[in-house]
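Below is the file target_25.cif, which contains mmCIF, N, CA, C and O atoms.
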```
data_protein
#
loop_
_atom_site.label_atom_id
_atom_site.label_comp_id
_atom_site.auth_asym_id
_atom_site.auth_seq_id
_atom_site.Cartn_x
_atom_site.Cartn_y
_atom_site.Cartn_z
N MET U 249 -42.93 10.37 -23.56
CA MET U 249 -42.80 10.14 -24.98
C MET U 249 -41.53 9.32 -25.21
O MET U 249 -40.47 9.65 -24.69
N GLN U 250 -41.66 8.30 -25.99
CA GLN U 250 -40.49 7.52 -26.37
C GLN U 250 -40.16 7.80 -27.83
O GLN U 250 -41.05 7.85 -28.68
N ILE U 251 -38.88 7.97 -28.09
CA ILE U 251 -38.43 8.25 -29.45
C ILE U 251 -37.38 7.22 -29.82
O ILE U 251 -36.44 6.99 -29.06
N PHE U 252 -37.55 6.60 -30.96
CA PHE U 252 -36.58 5.64 -31.46
C PHE U 252 -35.83 6.30 -32.62
O PHE U 252 -36.43 6.69 -33.61
N LEU U 253 -34.53 6.43 -32.45
CA LEU U 253 -33.71 7.11 -33.44
C LEU U 253 -32.98 6.12 -34.32
O LEU U 253 -32.51 5.09 -33.84
N PRO U 254 -32.84 6.44 -35.60
CA PRO U 254 -32.01 5.60 -36.47
C PRO U 254 -30.58 5.63 -35.94
O PRO U 254 -30.17 6.59 -35.29
N PRO U 255 -29.82 4.60 -36.20
CA PRO U 255 -28.45 4.51 -35.66
C PRO U 255 -27.58 5.73 -35.96
O PRO U 255 -26.84 6.18 -35.09
N GLU U 256 -27.69 6.26 -37.18
CA GLU U 256 -26.85 7.41 -37.52
C GLU U 256 -27.23 8.65 -36.72
O GLU U 256 -26.38 9.47 -36.37
N VAL U 257 -28.51 8.80 -36.40
CA VAL U 257 -28.96 9.93 -35.60
C VAL U 257 -28.53 9.73 -34.14
O VAL U 257 -28.09 10.67 -33.48
N GLU U 258 -28.64 8.50 -33.67
CA GLU U 258 -28.17 8.18 -32.32
C GLU U 258 -26.68 8.47 -32.19
O GLU U 258 -26.23 9.03 -31.19
N ALA U 259 -25.90 8.12 -33.21
CA ALA U 259 -24.46 8.39 -33.18
C ALA U 259 -24.19 9.89 -33.14
O ALA U 259 -23.30 10.35 -32.40
N LEU U 260 -24.93 10.66 -33.91
CA LEU U 260 -24.78 12.11 -33.90
C LEU U 260 -25.12 12.66 -32.52
O LEU U 260 -24.39 13.51 -31.98
N LEU U 261 -26.19 12.18 -31.93
CA LEU U 261 -26.58 12.61 -30.60
C LEU U 261 -25.48 12.31 -29.59
O LEU U 261 -25.11 13.16 -28.78
N GLN U 262 -24.93 11.11 -29.68
CA GLN U 262 -23.85 10.73 -28.76
C GLN U 262 -22.61 11.60 -28.95
O GLN U 262 -21.96 12.00 -27.98
N ARG U 263 -22.29 11.93 -30.19
CA ARG U 263 -21.14 12.82 -30.45
C ARG U 263 -21.36 14.19 -29.83
O ARG U 263 -20.45 14.79 -29.27
N GLN U 264 -22.58 14.68 -29.93
CA GLN U 264 -22.89 15.98 -29.35
C GLN U 264 -22.77 15.94 -27.83
O GLN U 264 -22.25 16.87 -27.21
N LEU U 265 -23.23 14.86 -27.23
CA LEU U 265 -23.09 14.71 -25.78
C LEU U 265 -21.63 14.64 -25.37
O LEU U 265 -21.21 15.28 -24.39
N LYS U 266 -20.83 13.88 -26.12
CA LYS U 266 -19.40 13.75 -25.80
C LYS U 266 -18.64 15.06 -25.97
O LYS U 266 -17.61 15.26 -25.34
N SER U 267 -19.17 15.94 -26.82
CA SER U 267 -18.49 17.23 -27.03
C SER U 267 -18.54 18.10 -25.78
O SER U 267 -17.77 19.04 -25.65
N GLY U 268 -19.48 17.79 -24.90
CA GLY U 268 -19.62 18.56 -23.67
C GLY U 268 -20.51 19.78 -23.80
O GLY U 268 -20.73 20.50 -22.82
N LYS U 269 -21.03 20.04 -25.00
CA LYS U 269 -21.89 21.21 -25.20
C LYS U 269 -23.28 21.01 -24.60
O LYS U 269 -23.97 21.98 -24.32
N TYR U 270 -23.66 19.75 -24.42
CA TYR U 270 -25.01 19.46 -23.94
C TYR U 270 -24.93 18.54 -22.73
O TYR U 270 -24.05 17.69 -22.63
N HIS U 271 -25.89 18.73 -21.81
CA HIS U 271 -25.90 17.93 -20.58
C HIS U 271 -26.58 16.58 -20.77
O HIS U 271 -26.23 15.61 -20.10
N ASN U 272 -27.57 16.54 -21.66
CA ASN U 272 -28.32 15.29 -21.85
C ASN U 272 -28.94 15.26 -23.24
O ASN U 272 -28.88 16.25 -23.98
N ALA U 273 -29.55 14.12 -23.57
CA ALA U 273 -30.12 13.93 -24.91
C ALA U 273 -31.25 14.92 -25.19
O ALA U 273 -31.39 15.40 -26.32
N VAL U 274 -32.01 15.26 -24.17
CA VAL U 274 -33.11 16.20 -24.36
C VAL U 274 -32.56 17.56 -24.82
O VAL U 274 -33.13 18.20 -25.71
N ASP U 275 -31.45 18.00 -24.23
CA ASP U 275 -30.85 19.28 -24.64
C ASP U 275 -30.44 19.24 -26.11
O ASP U 275 -30.62 20.23 -26.83
N VAL U 276 -29.90 18.12 -26.56
CA VAL U 276 -29.50 17.99 -27.97
C VAL U 276 -30.73 18.06 -28.87
O VAL U 276 -30.74 18.78 -29.88
N ILE U 277 -31.76 17.36 -28.50
CA ILE U 277 -32.99 17.32 -29.31
C ILE U 277 -33.65 18.70 -29.35
O ILE U 277 -34.08 19.17 -30.40
N VAL U 278 -33.69 19.38 -28.21
CA VAL U 278 -34.27 20.72 -28.16
C VAL U 278 -33.48 21.68 -29.05
O VAL U 278 -34.06 22.48 -29.79
N ALA U 279 -32.16 21.58 -29.02
CA ALA U 279 -31.33 22.43 -29.87
C ALA U 279 -31.64 22.16 -31.34
O ALA U 279 -31.74 23.10 -32.15
N GLY U 280 -31.80 20.89 -31.71
CA GLY U 280 -32.13 20.55 -33.09
C GLY U 280 -33.49 21.08 -33.51
O GLY U 280 -33.65 21.60 -34.62
N ILE U 281 -34.45 21.01 -32.61
CA ILE U 281 -35.79 21.51 -32.92
C ILE U 281 -35.75 23.03 -33.07
O ILE U 281 -36.41 23.60 -33.96
N LYS U 282 -34.98 23.71 -32.23
CA LYS U 282 -34.86 25.16 -32.35
C LYS U 282 -34.22 25.55 -33.68
O LYS U 282 -34.62 26.52 -34.32
N LEU U 283 -33.22 24.78 -34.12
CA LEU U 283 -32.61 25.04 -35.43
C LEU U 283 -33.62 24.85 -36.55
O LEU U 283 -33.66 25.63 -37.51
N LEU U 284 -34.43 23.81 -36.47
CA LEU U 284 -35.47 23.56 -37.46
C LEU U 284 -36.46 24.71 -37.49
O LEU U 284 -36.85 25.20 -38.57
N GLU U 285 -36.86 25.17 -36.32
CA GLU U 285 -37.79 26.30 -36.23
C GLU U 285 -37.18 27.54 -36.86
O GLU U 285 -37.84 28.26 -37.61
N GLN U 286 -35.90 27.81 -36.59
CA GLN U 286 -35.22 28.97 -37.16
C GLN U 286 -35.12 28.85 -38.68
O GLN U 286 -35.34 29.82 -39.40
N GLN U 287 -34.83 27.64 -39.15
CA GLN U 287 -34.74 27.42 -40.60
C GLN U 287 -36.08 27.70 -41.26
O GLN U 287 -36.15 28.36 -42.30
N GLU U 288 -37.16 27.20 -40.67
CA GLU U 288 -38.49 27.44 -41.23
C GLU U 288 -38.83 28.93 -41.22
O GLU U 288 -39.41 29.45 -42.18
N GLU U 289 -38.45 29.63 -40.15
CA GLU U 289 -38.69 31.07 -40.07
C GLU U 289 -37.89 31.80 -41.14
O GLU U 289 -38.39 32.73 -41.78
N ASP U 290 -36.64 31.39 -41.35
CA ASP U 290 -35.81 32.01 -42.38
C ASP U 290 -36.42 31.82 -43.76
O ASP U 290 -36.44 32.74 -44.58
N ILE U 291 -36.93 30.61 -44.03
CA ILE U 291 -37.58 30.32 -45.32
C ILE U 291 -38.82 31.20 -45.48
O ILE U 291 -39.05 31.81 -46.52
N TYR U 292 -39.62 31.28 -44.41
CA TYR U 292 -40.84 32.10 -44.44
C TYR U 292 -40.48 33.56 -44.71
O TYR U 292 -41.10 34.22 -45.55
N GLN U 293 -39.49 34.07 -43.97
CA GLN U 293 -39.09 35.47 -44.15
C GLN U 293 -38.56 35.71 -45.55
O GLN U 293 -38.81 36.77 -46.14
N GLY U 294 -37.82 34.74 -46.09
CA GLY U 294 -37.30 34.88 -47.46
C GLY U 294 -38.43 34.96 -48.46
O GLY U 294 -38.42 35.81 -49.36
N ARG U 295 -39.42 34.09 -48.33
CA ARG U 295 -40.56 34.10 -49.26
C ARG U 295 -41.37 35.37 -49.08
O ARG U 295 -41.84 35.97 -50.05
N LEU U 296 -41.52 35.80 -47.82
CA LEU U 296 -42.25 37.04 -47.56
C LEU U 296 -41.55 38.21 -48.24
O LEU U 296 -42.18 39.06 -48.87
N GLY U 297 -40.23 38.24 -48.15
CA GLY U 297 -39.46 39.30 -48.81
C GLY U 297 -39.65 39.28 -50.32
O GLY U 297 -39.78 40.34 -50.95
N GLU U 298 -39.67 38.07 -50.89
CA GLU U 298 -39.89 37.95 -52.33
C GLU U 298 -41.26 38.49 -52.72
O GLU U 298 -41.40 39.22 -53.71
N LEU U 299 -42.28 38.13 -51.94
CA LEU U 299 -43.64 38.60 -52.23
C LEU U 299 -43.75 40.11 -52.09
O LEU U 299 -44.41 40.77 -52.89
N GLN U 300 -43.08 40.66 -51.07
CA GLN U 300 -43.10 42.12 -50.89
C GLN U 300 -42.43 42.81 -52.07
O GLN U 300 -42.91 43.84 -52.54
N MET U 301 -41.32 42.24 -52.56
CA MET U 301 -40.64 42.83 -53.70
C MET U 301 -41.53 42.76 -54.94
O MET U 301 -41.65 43.74 -55.69
N GLU U 302 -42.20 41.63 -55.15
CA GLU U 302 -43.10 41.50 -56.29
C GLU U 302 -44.26 42.49 -56.19
O GLU U 302 -44.68 43.07 -57.20
N ALA U 303 -44.75 42.71 -54.98
CA ALA U 303 -45.83 43.68 -54.79
C ALA U 303 -45.34 45.09 -55.10
O ALA U 303 -46.07 45.87 -55.74
N ARG U 304 -44.11 45.42 -54.69
CA ARG U 304 -43.55 46.74 -55.01
C ARG U 304 -43.41 46.93 -56.52
O ARG U 304 -43.72 47.98 -57.06
N ILE U 305 -42.94 45.87 -57.19
CA ILE U 305 -42.80 45.93 -58.65
C ILE U 305 -44.16 46.16 -59.30
O ILE U 305 -44.30 46.99 -60.20
N GLY U 306 -45.16 45.44 -58.82
CA GLY U 306 -46.51 45.62 -59.35
C GLY U 306 -47.07 47.00 -59.10
O GLY U 306 -47.69 47.61 -59.98
N LEU U 307 -46.82 47.52 -57.89
CA LEU U 307 -47.29 48.86 -57.57
C LEU U 307 -46.62 49.90 -58.47
O LEU U 307 -47.28 50.79 -59.01
N GLU U 308 -45.31 49.77 -58.63
CA GLU U 308 -44.59 50.71 -59.49
C GLU U 308 -45.09 50.63 -60.92
O GLU U 308 -45.28 51.66 -61.59
N ALA U 309 -45.33 49.42 -61.41
CA ALA U 309 -45.84 49.26 -62.77
C ALA U 309 -47.22 49.90 -62.90
O ALA U 309 -47.52 50.57 -63.90
N SER U 310 -48.03 49.72 -61.88
CA SER U 310 -49.36 50.32 -61.89
C SER U 310 -49.28 51.83 -61.91
O SER U 310 -50.00 52.50 -62.66
N GLN U 311 -48.39 52.39 -61.08
CA GLN U 311 -48.23 53.84 -61.02
C GLN U 311 -47.70 54.41 -62.33
O GLN U 311 -47.98 55.56 -62.67
N GLU U 312 -46.95 53.60 -63.07
CA GLU U 312 -46.40 54.04 -64.36
C GLU U 312 -47.33 53.71 -65.52
O GLU U 312 -46.99 53.94 -66.68
N GLY U 313 -48.49 53.14 -65.21
CA GLY U 313 -49.46 52.79 -66.25
C GLY U 313 -49.04 51.60 -67.09
O GLY U 313 -49.47 51.45 -68.23
N LYS U 314 -48.22 50.71 -66.53
CA LYS U 314 -47.71 49.56 -67.27
C LYS U 314 -48.45 48.27 -66.94
O LYS U 314 -47.88 47.20 -67.02
N VAL U 315 -49.69 48.38 -66.57
CA VAL U 315 -50.47 47.18 -66.25
C VAL U 315 -51.55 46.97 -67.31
O VAL U 315 -51.90 47.89 -68.04
N VAL U 316 -52.03 45.73 -67.38
CA VAL U 316 -53.10 45.40 -68.33
C VAL U 316 -54.24 44.75 -67.58
O VAL U 316 -54.07 44.25 -66.46
N GLU U 317 -55.38 44.74 -68.19
CA GLU U 317 -56.56 44.08 -67.62
C GLU U 317 -56.30 42.58 -67.47
O GLU U 317 -55.52 42.00 -68.24
N GLY U 318 -56.95 41.97 -66.52
CA GLY U 318 -56.77 40.54 -66.27
C GLY U 318 -57.05 39.68 -67.48
O GLY U 318 -56.31 38.74 -67.80
N SER U 319 -58.12 39.98 -68.22
CA SER U 319 -58.46 39.18 -69.40
C SER U 319 -57.39 39.33 -70.48
O SER U 319 -57.05 38.36 -71.17
N THR U 320 -56.82 40.51 -70.60
CA THR U 320 -55.75 40.73 -71.58
C THR U 320 -54.51 39.95 -71.16
O THR U 320 -53.85 39.32 -72.00
N ALA U 321 -54.19 39.99 -69.88
CA ALA U 321 -53.03 39.26 -69.38
C ALA U 321 -53.19 37.76 -69.62
O ALA U 321 -52.26 37.09 -70.07
N MET U 322 -54.37 37.23 -69.35
CA MET U 322 -54.62 35.80 -69.57
C MET U 322 -54.50 35.44 -71.05
O MET U 322 -53.96 34.39 -71.40
N ALA U 323 -54.97 36.31 -71.92
CA ALA U 323 -54.86 36.07 -73.35
C ALA U 323 -53.39 36.04 -73.77
O ALA U 323 -52.97 35.20 -74.57
N GLN U 324 -52.59 36.93 -73.19
CA GLN U 324 -51.16 36.95 -73.50
C GLN U 324 -50.48 35.67 -72.98
O GLN U 324 -49.64 35.09 -73.67
N ILE U 325 -50.86 35.24 -71.80
CA ILE U 325 -50.28 34.01 -71.24
C ILE U 325 -50.64 32.82 -72.12
O ILE U 325 -49.79 31.98 -72.44
N ARG U 326 -51.91 32.73 -72.52
CA ARG U 326 -52.33 31.62 -73.39
C ARG U 326 -51.59 31.64 -74.72
O ARG U 326 -51.16 30.59 -75.22
N ALA U 327 -51.43 32.81 -75.29
CA ALA U 327 -50.72 32.92 -76.56
C ALA U 327 -49.27 32.48 -76.40
O ALA U 327 -48.74 31.76 -77.25
N ASN U 328 -48.63 32.89 -75.33
CA ASN U 328 -47.25 32.47 -75.07
C ASN U 328 -47.15 30.96 -74.88
O ASN U 328 -46.21 30.33 -75.37
N LEU U 329 -48.13 30.37 -74.18
CA LEU U 329 -48.12 28.91 -74.00
C LEU U 329 -48.29 28.18 -75.33
O LEU U 329 -47.63 27.17 -75.59
N ARG U 330 -49.20 28.70 -76.17
CA ARG U 330 -49.40 28.08 -77.49
C ARG U 330 -48.13 28.12 -78.30
O ARG U 330 -47.73 27.14 -78.93
N LEU U 331 -47.48 29.27 -78.31
CA LEU U 331 -46.24 29.42 -79.08
C LEU U 331 -45.12 28.53 -78.53
O LEU U 331 -44.39 27.88 -79.28
N ARG U 332 -45.00 28.50 -77.24
CA ARG U 332 -43.87 27.82 -76.62
C ARG U 332 -44.08 26.29 -76.55
O ARG U 332 -43.16 25.52 -76.81
N TYR U 333 -45.31 25.86 -76.22
CA TYR U 333 -45.54 24.44 -75.94
C TYR U 333 -46.61 23.80 -76.81
O TYR U 333 -46.91 22.62 -76.66
N GLY U 334 -47.21 24.56 -77.66
CA GLY U 334 -48.29 24.00 -78.48
C GLY U 334 -49.51 23.65 -77.66
O GLY U 334 -50.25 22.73 -77.96
N VAL U 335 -49.76 24.41 -76.59
CA VAL U 335 -50.88 24.17 -75.69
C VAL U 335 -52.14 24.78 -76.30
O VAL U 335 -52.12 25.85 -76.87
N SER U 336 -53.27 24.06 -76.10
CA SER U 336 -54.54 24.54 -76.64
C SER U 336 -55.11 25.65 -75.77
O SER U 336 -54.64 25.93 -74.68
N ASP U 337 -56.20 26.25 -76.23
CA ASP U 337 -56.85 27.35 -75.51
C ASP U 337 -57.53 26.91 -74.22
O ASP U 337 -57.96 27.74 -73.45
N GLU U 338 -57.68 25.62 -73.99
CA GLU U 338 -58.39 25.15 -72.80
C GLU U 338 -57.58 25.30 -71.52
O GLU U 338 -57.99 24.87 -70.48
N VAL U 339 -56.41 25.90 -71.57
CA VAL U 339 -55.55 26.05 -70.39
C VAL U 339 -56.15 27.00 -69.41
O VAL U 339 -56.72 27.96 -69.71
#
```

Structure re-expressed in structure tokens:
Amino acid sequence: MQIFLPPEVEALLQRQLKSGKYHNAVDVIVAGIKLLEQQEEDIYQGRLGELQMEARIGLEASQEGKVVEGSTAMAQIRANLRLRYGVSDEV
């Protein structure tokens, strides 16, 4: 596989090599890919945590009898949209 890097990326790669932390360009690229993978995992875990928290909130509301039927909820959402943005019922 051949990879053509923009000059600024090539300069960063060269700086990393000169630092002595990496033996070759492949090691630098692998480290960057691992960081990207970790970042994506962190984002996924963060969103998963948010969804779990929202599910807990919903469960607690349900257990406390603070939920409404879907059609009622949609009617409330439409009414709020009409009031806030002047949106018609076709939403």

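One finds atom N of Tyr333 (chain U) at 27.6 Å from atom C of Gly313 (chain U).
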
Interatomic distance, atom N of Pro254 (chain U) to atom C of Asp275 (chain U) (Å, one decimal): 16.1 Å

Between CA of Ser310 (chain U) and atom C of Gly294 (chain U), distance in Å (one decimal): 23.1 Å

Which of chain U fall in alpha helix (DSSP H), as a count of residues only: 68
